[in-house]
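*Asks:* File final.txt below, compact mmCIF, C-alpha atoms:
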```
# COMPACT_ATOMS: atom_id res chain seq x y z
CA MET U 1 -17.72 30.33 175.92
CA ASP U 2 -18.57 31.65 172.45
CA ASP U 3 -20.33 34.65 173.97
CA GLU U 4 -17.29 35.49 176.10
CA ARG U 5 -15.00 35.32 173.06
CA LYS U 6 -17.29 37.61 171.10
CA VAL U 7 -17.33 40.13 173.94
CA LYS U 8 -13.48 40.10 174.16
CA GLU U 9 -13.14 40.54 170.40
CA GLU U 10 -15.58 43.47 170.44
CA GLN U 11 -13.61 45.11 173.27
CA CYS U 12 -10.32 44.70 171.37
CA VAL U 13 -11.80 46.15 168.19
CA ALA U 14 -13.28 49.05 170.14
CA SER U 15 -9.95 49.80 171.84
CA ILE U 16 -8.16 49.81 168.47
CA LEU U 17 -10.76 52.11 166.96
CA GLU U 18 -10.40 54.48 169.88
CA ASN U 19 -6.66 54.83 169.16
CA HIS U 20 -5.41 57.22 166.50
CA GLU U 21 -3.01 55.98 163.84
CA THR U 22 -0.52 58.37 162.28
CA THR U 23 2.87 58.38 160.58
CA CYS U 24 6.11 59.88 161.84
CA TRP U 25 7.69 62.21 159.30
CA GLY U 26 11.18 61.44 160.63
CA CYS U 27 11.39 57.66 160.27
CA GLY U 28 8.17 56.82 158.42
CA LEU U 29 6.95 54.40 161.10
CA HIS U 30 3.24 54.09 161.79
CA LEU U 31 2.37 55.25 165.29
CA LEU U 32 -0.70 54.39 167.31
CA LEU U 33 -1.70 57.15 169.71
CA GLU U 34 -4.07 56.56 172.59
CA THR U 35 -5.63 60.01 172.25
CA TYR U 36 -5.56 62.58 169.51
CA SER U 37 -2.77 65.11 169.91
CA SER U 38 -1.69 67.91 167.60
CA ILE U 39 1.92 67.56 168.82
CA PHE U 40 3.56 64.20 169.50
CA LYS U 41 7.05 62.72 169.65
CA CYS U 42 8.17 59.53 167.97
CA GLY U 43 9.44 56.88 170.38
CA TRP U 44 11.97 55.56 167.86
CA CYS U 45 13.74 58.48 166.15
CA GLY U 46 12.67 61.20 168.62
CA ALA U 47 11.23 63.52 165.97
CA ILE U 48 8.48 65.94 167.04
CA THR U 49 5.45 66.29 164.78
CA HIS U 50 3.14 69.32 164.63
CA ARG U 51 -0.03 68.26 162.85
CA ASN U 52 -1.48 71.77 162.63
CA LYS U 53 1.46 73.10 160.61
CA ALA U 54 0.75 72.85 156.91
CA LEU U 55 3.42 72.82 154.22
CA ARG U 56 4.05 76.43 153.26
CA LYS U 57 4.91 77.67 149.82
CA PRO U 58 8.19 79.54 149.28
CA ASP U 59 8.04 83.32 149.33
CA SER U 60 7.39 85.10 146.07
CA ALA U 61 10.25 86.38 143.97
CA CYS U 62 9.23 90.01 144.58
CA PHE U 63 9.25 89.54 148.35
CA SER U 64 12.67 87.87 148.34
CA HIS U 65 14.08 90.52 145.98
CA TRP U 66 12.78 93.33 148.19
CA ARG U 67 14.47 91.86 151.28
CA LEU U 68 17.70 91.39 149.37
CA VAL U 69 17.66 95.01 148.17
CA ARG U 70 16.86 96.21 151.70
CA ASP U 71 19.76 94.29 153.23
CA ARG U 72 22.24 95.47 150.59
CA PHE U 73 21.10 99.06 151.08
CA PHE U 74 21.67 98.95 154.85
CA VAL U 75 25.04 97.21 154.42
CA THR U 76 26.14 99.90 151.95
CA ILE U 77 25.04 102.69 154.30
CA LEU U 78 26.88 101.10 157.23
CA LEU U 79 30.10 100.58 155.27
CA PHE U 80 29.95 104.15 153.98
CA PHE U 81 29.48 105.49 157.52
CA ILE U 82 32.40 103.43 158.87
CA LEU U 83 34.74 104.58 156.10
CA PHE U 84 33.57 108.18 156.46
CA VAL U 85 34.24 108.20 160.21
CA ILE U 86 37.72 106.74 159.68
CA CYS U 87 38.77 109.04 156.84
CA ALA U 88 37.09 112.23 158.09
CA GLY U 89 38.31 111.64 161.63
CA VAL U 90 41.91 111.25 160.53
CA TRP U 91 41.67 114.32 158.28
CA ALA U 92 40.09 116.51 160.98
CA VAL U 93 42.30 115.51 163.90
CA TYR U 94 45.78 114.79 162.58
CA PRO U 95 47.00 118.45 162.37
CA ILE U 96 46.06 119.08 166.00
CA VAL U 97 47.47 115.78 167.29
CA PHE U 98 50.78 116.17 165.48
CA SER U 99 51.02 119.77 166.70
CA VAL U 100 51.13 118.47 170.27
CA SER U 101 54.02 116.07 169.66
CA TYR U 102 55.23 113.61 167.07
CA PHE U 103 54.74 110.72 169.52
CA CYS U 104 51.08 111.64 170.07
CA GLY U 105 50.51 111.71 166.32
CA ILE U 106 52.06 108.28 165.79
CA PHE U 107 50.14 106.86 168.77
CA HIS U 108 46.87 108.27 167.41
CA CYS U 109 47.48 106.85 163.93
CA THR U 110 48.40 103.43 165.33
CA LEU U 111 45.35 103.23 167.60
CA THR U 112 43.10 104.41 164.75
CA ALA U 113 44.49 101.71 162.46
CA ILE U 114 43.95 98.99 165.11
CA LEU U 115 40.35 100.04 165.78
CA SER U 116 39.61 100.36 162.06
CA ILE U 117 41.01 96.92 161.22
CA SER U 118 39.19 95.23 164.11
CA THR U 119 35.89 96.90 163.23
CA ILE U 120 36.02 96.14 159.50
CA SER U 121 37.30 92.57 159.96
CA SER U 122 34.66 91.67 162.56
CA PHE U 123 31.98 93.23 160.35
CA CYS U 124 33.10 91.18 157.34
CA MET U 125 33.14 87.95 159.40
CA ALA U 126 29.64 88.64 160.74
CA ALA U 127 28.19 89.76 157.41
CA PHE U 128 29.77 87.48 154.84
CA ARG U 129 30.13 84.26 156.84
CA SER U 130 27.34 81.69 157.03
CA ALA U 131 25.28 82.10 160.16
CA GLY U 132 25.17 78.35 160.75
CA ALA U 133 23.39 76.01 158.35
CA PRO U 134 22.21 72.65 159.75
CA THR U 135 24.02 69.55 158.57
CA ASN U 136 22.22 67.20 156.21
CA ILE U 137 20.76 64.20 157.99
CA LEU U 138 18.97 61.09 156.75
CA TRP U 139 15.24 61.03 157.39
CA GLY U 140 11.99 59.66 156.06
CA SER U 141 12.57 55.89 156.07
CA TYR U 142 12.95 53.44 158.96
CA PRO U 143 16.01 51.44 157.83
CA SER U 144 18.18 54.54 157.39
CA VAL U 145 17.05 56.33 160.56
CA ALA U 146 18.47 54.80 163.71
CA LYS U 147 17.02 55.16 167.17
CA GLY U 148 17.34 58.74 168.48
CA ASP U 149 18.86 60.16 165.28
CA LEU U 150 16.23 62.90 165.13
CA GLU U 151 15.90 63.61 168.85
CA ASN U 152 13.76 66.77 169.33
CA TYR U 153 13.96 67.59 165.60
CA THR U 154 10.97 69.31 164.03
CA PHE U 155 9.94 69.62 160.39
CA CYS U 156 10.59 72.95 158.66
CA THR U 157 7.56 73.74 156.52
CA TYR U 158 9.56 76.23 154.43
CA CYS U 159 12.60 74.07 153.65
CA ALA U 160 10.62 70.79 153.73
CA LYS U 161 13.38 69.05 155.71
CA PRO U 162 14.34 68.37 159.35
CA LYS U 163 15.06 71.33 161.60
CA PRO U 164 17.38 70.80 164.61
CA PRO U 165 16.50 72.02 168.13
CA ARG U 166 17.10 75.76 168.71
CA ALA U 167 17.13 76.34 164.96
CA HIS U 168 14.77 78.73 163.17
CA HIS U 169 13.95 79.45 159.57
CA CYS U 170 14.90 82.89 158.25
CA ARG U 171 12.73 84.09 155.40
CA SER U 172 15.31 86.68 154.38
CA CYS U 173 18.19 84.19 154.12
CA ARG U 174 15.76 81.44 152.99
CA MET U 175 17.38 78.80 155.20
CA CYS U 176 17.28 77.37 158.70
CA VAL U 177 19.90 78.81 161.07
CA LEU U 178 21.33 77.05 164.11
CA ASP U 179 20.96 79.00 167.38
CA MET U 180 19.43 81.87 165.45
CA ASP U 181 19.32 85.10 167.44
CA HIS U 182 17.87 87.49 164.86
CA HIS U 183 18.26 88.69 161.29
CA CYS U 184 20.24 91.94 161.18
CA PRO U 185 19.66 94.02 158.02
CA PHE U 186 22.74 96.15 158.77
CA ILE U 187 25.02 93.16 158.18
CA GLY U 188 22.66 91.59 155.62
CA ASN U 189 22.86 88.26 157.43
CA CYS U 190 21.41 86.27 160.28
CA VAL U 191 23.13 86.15 163.66
CA GLY U 192 23.51 82.48 164.49
CA ALA U 193 25.85 79.85 165.90
CA ALA U 194 28.62 80.43 163.34
CA ASN U 195 28.86 84.23 163.43
CA HIS U 196 27.30 85.29 166.76
CA ARG U 197 30.73 85.78 168.35
CA PHE U 198 31.89 87.97 165.45
CA PHE U 199 28.70 90.04 165.70
CA VAL U 200 29.28 90.73 169.40
CA ALA U 201 32.95 91.49 168.67
CA PHE U 202 31.78 93.96 166.01
CA LEU U 203 29.52 95.71 168.52
CA ILE U 204 32.32 95.95 171.08
CA SER U 205 34.76 97.29 168.50
CA VAL U 206 32.31 99.92 167.24
CA ILE U 207 31.46 101.09 170.76
CA ILE U 208 35.14 101.47 171.71
CA SER U 209 35.80 103.27 168.42
CA CYS U 210 32.88 105.64 169.00
CA ILE U 211 34.12 106.48 172.51
CA TYR U 212 37.60 107.22 171.15
CA VAL U 213 36.21 109.32 168.29
CA VAL U 214 34.03 111.39 170.65
CA LEU U 215 36.97 112.06 172.98
CA MET U 216 39.27 113.03 170.14
CA MET U 217 36.62 115.24 168.53
CA LEU U 218 36.05 117.08 171.82
CA TYR U 219 39.77 117.57 172.29
CA ALA U 220 40.25 118.80 168.73
CA GLY U 221 37.14 120.98 168.90
CA PHE U 222 38.38 122.63 172.08
CA HIS U 223 41.52 123.73 170.24
CA THR U 224 39.81 124.76 166.98
CA TRP U 225 36.65 126.44 168.29
CA PRO U 226 36.68 130.24 167.89
CA PRO U 227 36.82 132.24 171.15
CA LEU U 228 33.49 133.08 172.73
CA GLU U 229 32.50 136.72 173.01
CA LEU U 230 30.22 137.40 175.97
CA ARG U 231 29.60 141.09 175.30
CA THR U 232 26.76 141.85 177.71
CA LEU U 233 28.59 140.16 180.58
CA GLY U 234 31.83 142.04 180.13
CA SER U 235 30.72 145.10 182.11
CA THR U 236 28.45 143.54 184.76
CA GLY U 237 30.43 140.36 185.55
CA PHE U 238 29.27 136.77 186.15
CA HIS U 239 28.33 137.22 189.82
CA THR U 240 25.60 139.76 189.15
CA VAL U 241 23.92 137.80 186.34
CA SER U 242 21.22 135.16 186.82
CA GLY U 243 21.74 131.57 185.73
CA THR U 244 19.10 131.76 183.01
CA ARG U 245 20.63 134.84 181.44
CA LEU U 246 24.10 133.34 181.65
CA ALA U 247 22.94 130.16 179.87
CA LYS U 248 21.25 132.18 177.13
CA GLU U 249 24.37 134.26 176.66
CA ILE U 250 26.60 131.20 176.35
CA VAL U 251 24.25 129.53 173.85
CA ALA U 252 24.11 132.70 171.76
CA ALA U 253 27.89 132.99 171.83
CA LEU U 254 28.29 129.37 170.76
CA ALA U 255 25.82 129.82 167.90
CA SER U 256 27.51 132.97 166.65
CA SER U 257 30.98 131.44 166.89
CA ALA U 258 29.81 128.27 165.11
CA LEU U 259 29.23 130.37 162.00
CA LEU U 260 32.96 131.08 161.97
CA LEU U 261 33.95 127.40 162.01
CA SER U 262 35.93 125.98 159.15
CA ALA U 263 35.06 122.80 157.27
CA ARG U 264 37.30 120.87 159.66
CA GLY U 265 35.38 122.23 162.63
CA LEU U 266 32.00 121.30 161.16
CA VAL U 267 33.23 117.76 160.51
CA LEU U 268 34.39 117.52 164.12
CA ILE U 269 30.93 118.51 165.39
CA TYR U 270 29.15 116.02 163.13
CA LEU U 271 31.44 113.14 164.05
CA ALA U 272 31.09 113.87 167.76
CA PHE U 273 27.27 113.82 167.72
CA ALA U 274 26.99 110.94 165.24
CA CYS U 275 29.38 108.67 167.14
CA LEU U 276 27.77 109.59 170.46
CA THR U 277 24.29 108.54 169.29
CA VAL U 278 25.56 105.40 167.55
CA GLY U 279 27.59 104.42 170.60
CA ILE U 280 24.60 104.79 172.93
CA GLY U 281 22.33 102.74 170.66
CA LEU U 282 24.84 99.94 170.15
CA SER U 283 25.62 99.87 173.89
CA VAL U 284 21.98 99.03 174.57
CA LEU U 285 22.09 96.30 171.90
CA LEU U 286 25.33 94.87 173.33
CA CYS U 287 23.88 94.74 176.85
CA GLN U 288 20.86 92.89 175.48
CA GLN U 289 23.07 90.41 173.64
CA LEU U 290 25.23 89.73 176.71
CA TYR U 291 22.12 89.31 178.86
CA TYR U 292 20.65 86.63 176.59
CA ILE U 293 24.02 84.85 176.43
CA PHE U 294 24.18 84.95 180.23
CA GLU U 295 20.66 83.48 180.34
CA GLY U 296 21.65 80.67 177.93
CA ASN U 297 19.03 81.87 175.50
CA THR U 298 18.63 83.73 172.21
CA TYR U 299 16.47 86.71 171.34
CA ILE U 300 14.16 84.81 169.02
CA ASN U 301 13.66 82.04 171.58
CA HIS U 302 12.89 84.68 174.19
CA ILE U 303 10.08 86.26 172.16
CA ASN U 304 8.75 82.96 170.79
CA SER U 305 6.26 81.75 173.37
CA GLN U 306 5.78 78.39 171.64
CA ASN U 307 9.48 77.54 171.83
CA GLY U 308 10.57 79.22 175.05
CA TRP U 309 13.60 76.98 175.53
CA ARG U 310 16.00 78.16 178.19
CA GLY U 311 19.25 76.72 179.44
CA GLU U 312 21.02 77.24 182.71
CA LYS U 313 22.05 80.83 183.22
CA GLY U 314 25.42 81.88 184.56
CA PHE U 315 28.77 83.43 183.76
CA GLN U 316 29.96 80.11 182.35
CA ASN U 317 27.82 80.86 179.28
CA LEU U 318 29.74 84.09 178.68
CA LEU U 319 33.10 82.39 179.18
CA ARG U 320 32.22 79.58 176.81
CA PHE U 321 30.77 81.99 174.26
CA PHE U 322 34.00 84.00 174.05
CA GLY U 323 36.10 80.82 173.91
CA CYS U 324 37.81 81.16 177.26
CA PRO U 325 40.13 78.21 178.05
CA TYR U 326 38.95 75.44 180.33
CA LEU U 327 41.57 76.57 182.89
CA VAL U 328 39.25 79.47 183.77
CA PHE U 329 36.60 77.01 184.92
CA LYS U 330 39.14 75.30 187.17
CA VAL U 331 40.26 78.60 188.69
CA LEU U 332 36.67 79.57 189.45
CA PRO U 333 35.05 76.54 191.19
CA GLY U 334 31.53 77.94 191.00
CA LEU U 335 31.78 78.39 187.27
CA ALA U 336 33.33 74.95 186.85
CA ASN U 337 30.37 73.15 188.41
CA ALA U 338 27.95 75.23 186.43
CA GLY U 339 29.93 74.59 183.26
CA LYS U 340 29.73 70.83 183.73
CA SER U 341 25.99 70.92 184.24
CA GLN U 342 25.73 73.16 181.20
CA ASP U 343 27.54 70.56 179.06
CA THR U 344 25.31 67.72 180.25
CA SER U 345 22.12 69.71 179.65
CA GLY U 346 23.16 70.49 176.10
CA SER U 347 22.51 74.19 176.42
CA LYS U 348 25.77 75.27 174.82
CA LEU U 349 25.38 78.21 172.49
CA LEU U 350 28.23 77.35 170.15
```
Just give me the structure as structure tokens.
*Replies:*
Amino acid sequence: MDDERKVKEEQCVASILENHETTCWGCGLHLLLETYSSIFKCGWCGAITHRNKALRKPDSACFSHWRLVRDRFFVTILLFFILFVICAGVWAVYPIVFSVSYFCGIFHCTLTAILSISTISSFCMAAFRSAGAPTNILWGSYPSVAKGDLENYTFCTYCAKPKPPRAHHCRSCRMCVLDMDHHCPFIGNCVGAANHRFFVAFLISVIISCIYVVLMMLYAGFHTWPPLELRTLGSTGFHTVSGTRLAKEIVAALASSALLLSARGLVLIYLAFACLTVGIGLSVLLCQQLYYIFEGNTYINHINSQNGWRGEKGFQNLLRFFGCPYLVFKVLPGLANAGKSQDTSGSKLL
């Protein structure tokens, strides 16, 4: 009997030694793991621990100052460009628009004011509003942390505090951001849960404004451009000239007539090309943003292979993102069912 007891005690001691004891950062409870794992989840508070992540030191003052200067520089350039397009566009177009009719001039001024106010207001809301800071939550000790309080939370090694799911640390803003999409230097702020809608609204407003500016610049340029002089084609006619020679003649006539443009005409040309290129670039960015919203994902989660979280994709994500009323989900049955499953899965962007 004594030999059997000794054998059982040795087996128990061996099984305990084979287990790995660790401490949960979320609730402070001691955990006993059967096998060693670099990533494990606490069964009480639900916090996720990454053993391989060491506590990182804050960025140096020079690095933080450089990022701050960079963001302020880009914000200044963007604000200057917006104000220049508004003021120069009004100055270059208003004589031609009012020469057509007084109603056209008033309509142009009203539409310009609406687009300008929407663009500047959405920019200010996206740039100067918090991107979405996590709420403070109790952690570290078992009596204060209830069961499931830190479900799927991880530990931010920069902030040295809990980081909610789908949150990321921004080294430029020096904080964790909920549903972080990316850090945009042109607004000097992160794009997160609190300002993502304003950022998309800013893109839409700028694209519509660029389209309107290009159309108005083309219309005004057509009326202010000096007449073209096709000298070599005057005697022979267009039918007897090859296409290559005709194109060269038109380009040469445009170049020579451009030298006769006034300051208003040069401003019209610059605004047309500048707004065309900006509109194309921001259209690509807007399509990318809408695609990730449709997928129930964010850009940073898409490129981060270690945290490739994805929710259910569908148009209900776009409707919910833009704050459409719940009546829309009832009108569209397919979206309603998808919207309910989206709520239960917790994949809501905002």
*Asks:* For a quick check of understanding, using only C-alpha atoms, which of U:His168, U:Lys163, U:Arg264, U:His196 has the smallest distance to U:Tyr292?
*Replies:* U:His196
*Asks:* Name all residues at most 10 Å from U:Thr22 (count all atoms listed in the file; drop same-chain ones fewer than 6 positions away) and give them as a PDB file with C-alpha atoms, keeping the file's coordinate frame.
*Replies:*
```
ATOM      1  CA  GLY U  28       8.170  56.820 158.420  1.00  0.00           C
ATOM      2  CA  LEU U  29       6.950  54.400 161.100  1.00  0.00           C
ATOM      3  CA  HIS U  30       3.240  54.090 161.790  1.00  0.00           C
ATOM      4  CA  LEU U  31       2.370  55.250 165.290  1.00  0.00           C
ATOM      5  CA  LEU U  32      -0.700  54.390 167.310  1.00  0.00           C
ATOM      6  CA  LEU U  33      -1.700  57.150 169.710  1.00  0.00           C
ATOM      7  CA  TYR U  36      -5.560  62.580 169.510  1.00  0.00           C
ATOM      8  CA  ARG U  51      -0.030  68.260 162.850  1.00  0.00           C
TER       9      ARG U  51
END
```
*Asks:* Rank U:Leu138, U:Cys109, U:Leu282, U:Ala193 by their smallest atom-to-atom distance to U:Ile208, using all atoms listed in the file, and report the top residue only.
*Replies:* U:Leu282
*Asks:* Choose the residue, out of U:Leu78, U:Leu150, U:Leu268, U:Ala88, that has the smallest atom-to-atom separation from U:Met216; count all atoms listed in the file.
*Replies:*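 The answer is U:Leu268, which sits nearest to U:Met216.
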*Asks:* Take atom CA of U:Tyr158 and atom CA of U:Cys176 and report the distance between them in Å, one decimal.
*Replies:*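 Answer for the atom CA of U:Tyr158 to atom CA of U:Cys176 separation: 8.9 Å.
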*Asks:* Please provide as an MDAnalysis selection string all residues within 6 Å of U:Met217, with the sequence filter that same-chain residues fewer than 3 positions apart are discarded (counting all atoms listed in the file).
*Replies:* chainID U and resid 213:214 220:221 268 272
*Asks:* Between U:Cys184, U:Ala167, U:Ala201, U:Leu318, which one has atoms that come closest to U:Asn301, using all atoms listed in the file?
*Replies:*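 Among U:Cys184, U:Ala167, U:Ala201, U:Leu318, it is U:Ala167 that comes nearest to U:Asn301.
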*Asks:* Which value, in Å to one decimal, gives the distance between atom CA of U:Ala47 and atom CA of U:Asp149?
*Replies:*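 A separation of 8.4 Å between them.
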*Asks:* Which protein, DNA or RNA residues are at most 8 Å from (14.9, 68.2, 160.8) in the file's coordinates when you count only C-alpha atoms, listed as a list in words?
*Replies:*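 Checking each residue against the 8 Å limit leaves Gly26, Ala47, Ile137, Trp139, Leu150, Tyr153, Thr154, Phe155, Cys156, Lys161, Pro162, Lys163 and Pro164 of chain U.
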*Asks:* Can I get the selection written as a JSON list (two decimals), keeping the file's coordinate frame, with C-alpha atoms?
*Replies:*
```json
[["chain", "number", "residue", "atom", "x", "y", "z"],
["U", 26, "GLY", "CA", 11.18, 61.44, 160.63],
["U", 47, "ALA", "CA", 11.23, 63.52, 165.97],
["U", 137, "ILE", "CA", 20.76, 64.20, 157.99],
["U", 139, "TRP", "CA", 15.24, 61.03, 157.39],
["U", 150, "LEU", "CA", 16.23, 62.90, 165.13],
["U", 153, "TYR", "CA", 13.96, 67.59, 165.60],
["U", 154, "THR", "CA", 10.97, 69.31, 164.03],
["U", 155, "PHE", "CA", 9.94, 69.62, 160.39],
["U", 156, "CYS", "CA", 10.59, 72.95, 158.66],
["U", 161, "LYS", "CA", 13.38, 69.05, 155.71],
["U", 162, "PRO", "CA", 14.34, 68.37, 159.35],
["U", 163, "LYS", "CA", 15.06, 71.33, 161.60],
["U", 164, "PRO", "CA", 17.38, 70.80, 164.61]]
```
*Asks:* Measure the distance from atom CA of U:Ser116 to atom CA of U:Ile86 in Å and round it to one decimal.
*Replies:*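 These two atoms are separated by 7.1 Å.
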*Asks:* Could you give me the axis-aligned bounding box of stretch 138-156 of chain U, with 5 Å of padding per side, as centre plus edge lengths in Å to one decimal, as lines of an AutoDock Vina configuration file?
*Replies:*
```
center_x = 14.5
center_y = 62.2
center_z = 162.7
size_x = 19.0
size_y = 31.5
size_z = 23.3
```
*Asks:* In terms of the shortest atom-to-atom distance over all atoms listed in the file, which of U:Gly105, U:Gly265, U:Ala247, U:Phe273 is closest to U:Leu215?
*Replies:*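 Counting all atoms listed in the file, the residue closest to U:Leu215 is U:Phe273.
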*Asks:* Write out as number ranges by chain which residues come within 10 Å of U:Asn189 when counting all atoms listed in the file, dropping same-chain ones fewer than 4 positions away.
*Replies:* U: 71-72, 75, 126-131, 170, 172-173, 182-185, 195
*Asks:* Generate the output file for the selected residues, C-alpha atoms, as a compact mmCIF listing (two decimals), in the frame of the given file.
*Replies:*
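Produced file out_33.txt, reproduced below:
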```
# COMPACT_ATOMS: atom_id res chain seq x y z
CA ASP U 71 19.76 94.29 153.23
CA ARG U 72 22.24 95.47 150.59
CA VAL U 75 25.04 97.21 154.42
CA ALA U 126 29.64 88.64 160.74
CA ALA U 127 28.19 89.76 157.41
CA PHE U 128 29.77 87.48 154.84
CA ARG U 129 30.13 84.26 156.84
CA SER U 130 27.34 81.69 157.03
CA ALA U 131 25.28 82.10 160.16
CA CYS U 170 14.90 82.89 158.25
CA SER U 172 15.31 86.68 154.38
CA CYS U 173 18.19 84.19 154.12
CA HIS U 182 17.87 87.49 164.86
CA HIS U 183 18.26 88.69 161.29
CA CYS U 184 20.24 91.94 161.18
CA PRO U 185 19.66 94.02 158.02
CA ASN U 195 28.86 84.23 163.43
```
*Asks:* Which of these, U:Met125, U:Val177, U:Ala133, U:Cys159, has the shortest distance to U:Arg197 once you count all atoms listed in the file?
*Replies:*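 Ranking U:Met125, U:Val177, U:Ala133, U:Cys159 by distance to U:Arg197, first place goes to U:Met125.
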*Asks:* Skipping near chain neighbours, those fewer than 6 positions away, what residues fall within 8 Å of U:Ile39 using all atoms listed in the file, listed as a list of chain:residue names?
*Replies:*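 What passes the distance filter is U:Ile48, U:Thr49, U:His50, U:Arg51.
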*Asks:* Could you write out the selected residues, including C-alpha atoms, as a PDB file, in the coordinates of the input?
*Replies:*
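Saved the output as out_38.pdb:
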```
ATOM      1  CA  ILE U  48       8.480  65.940 167.040  1.00  0.00           C
ATOM      2  CA  THR U  49       5.450  66.290 164.780  1.00  0.00           C
ATOM      3  CA  HIS U  50       3.140  69.320 164.630  1.00  0.00           C
ATOM      4  CA  ARG U  51      -0.030  68.260 162.850  1.00  0.00           C
TER       5      ARG U  51
END
```
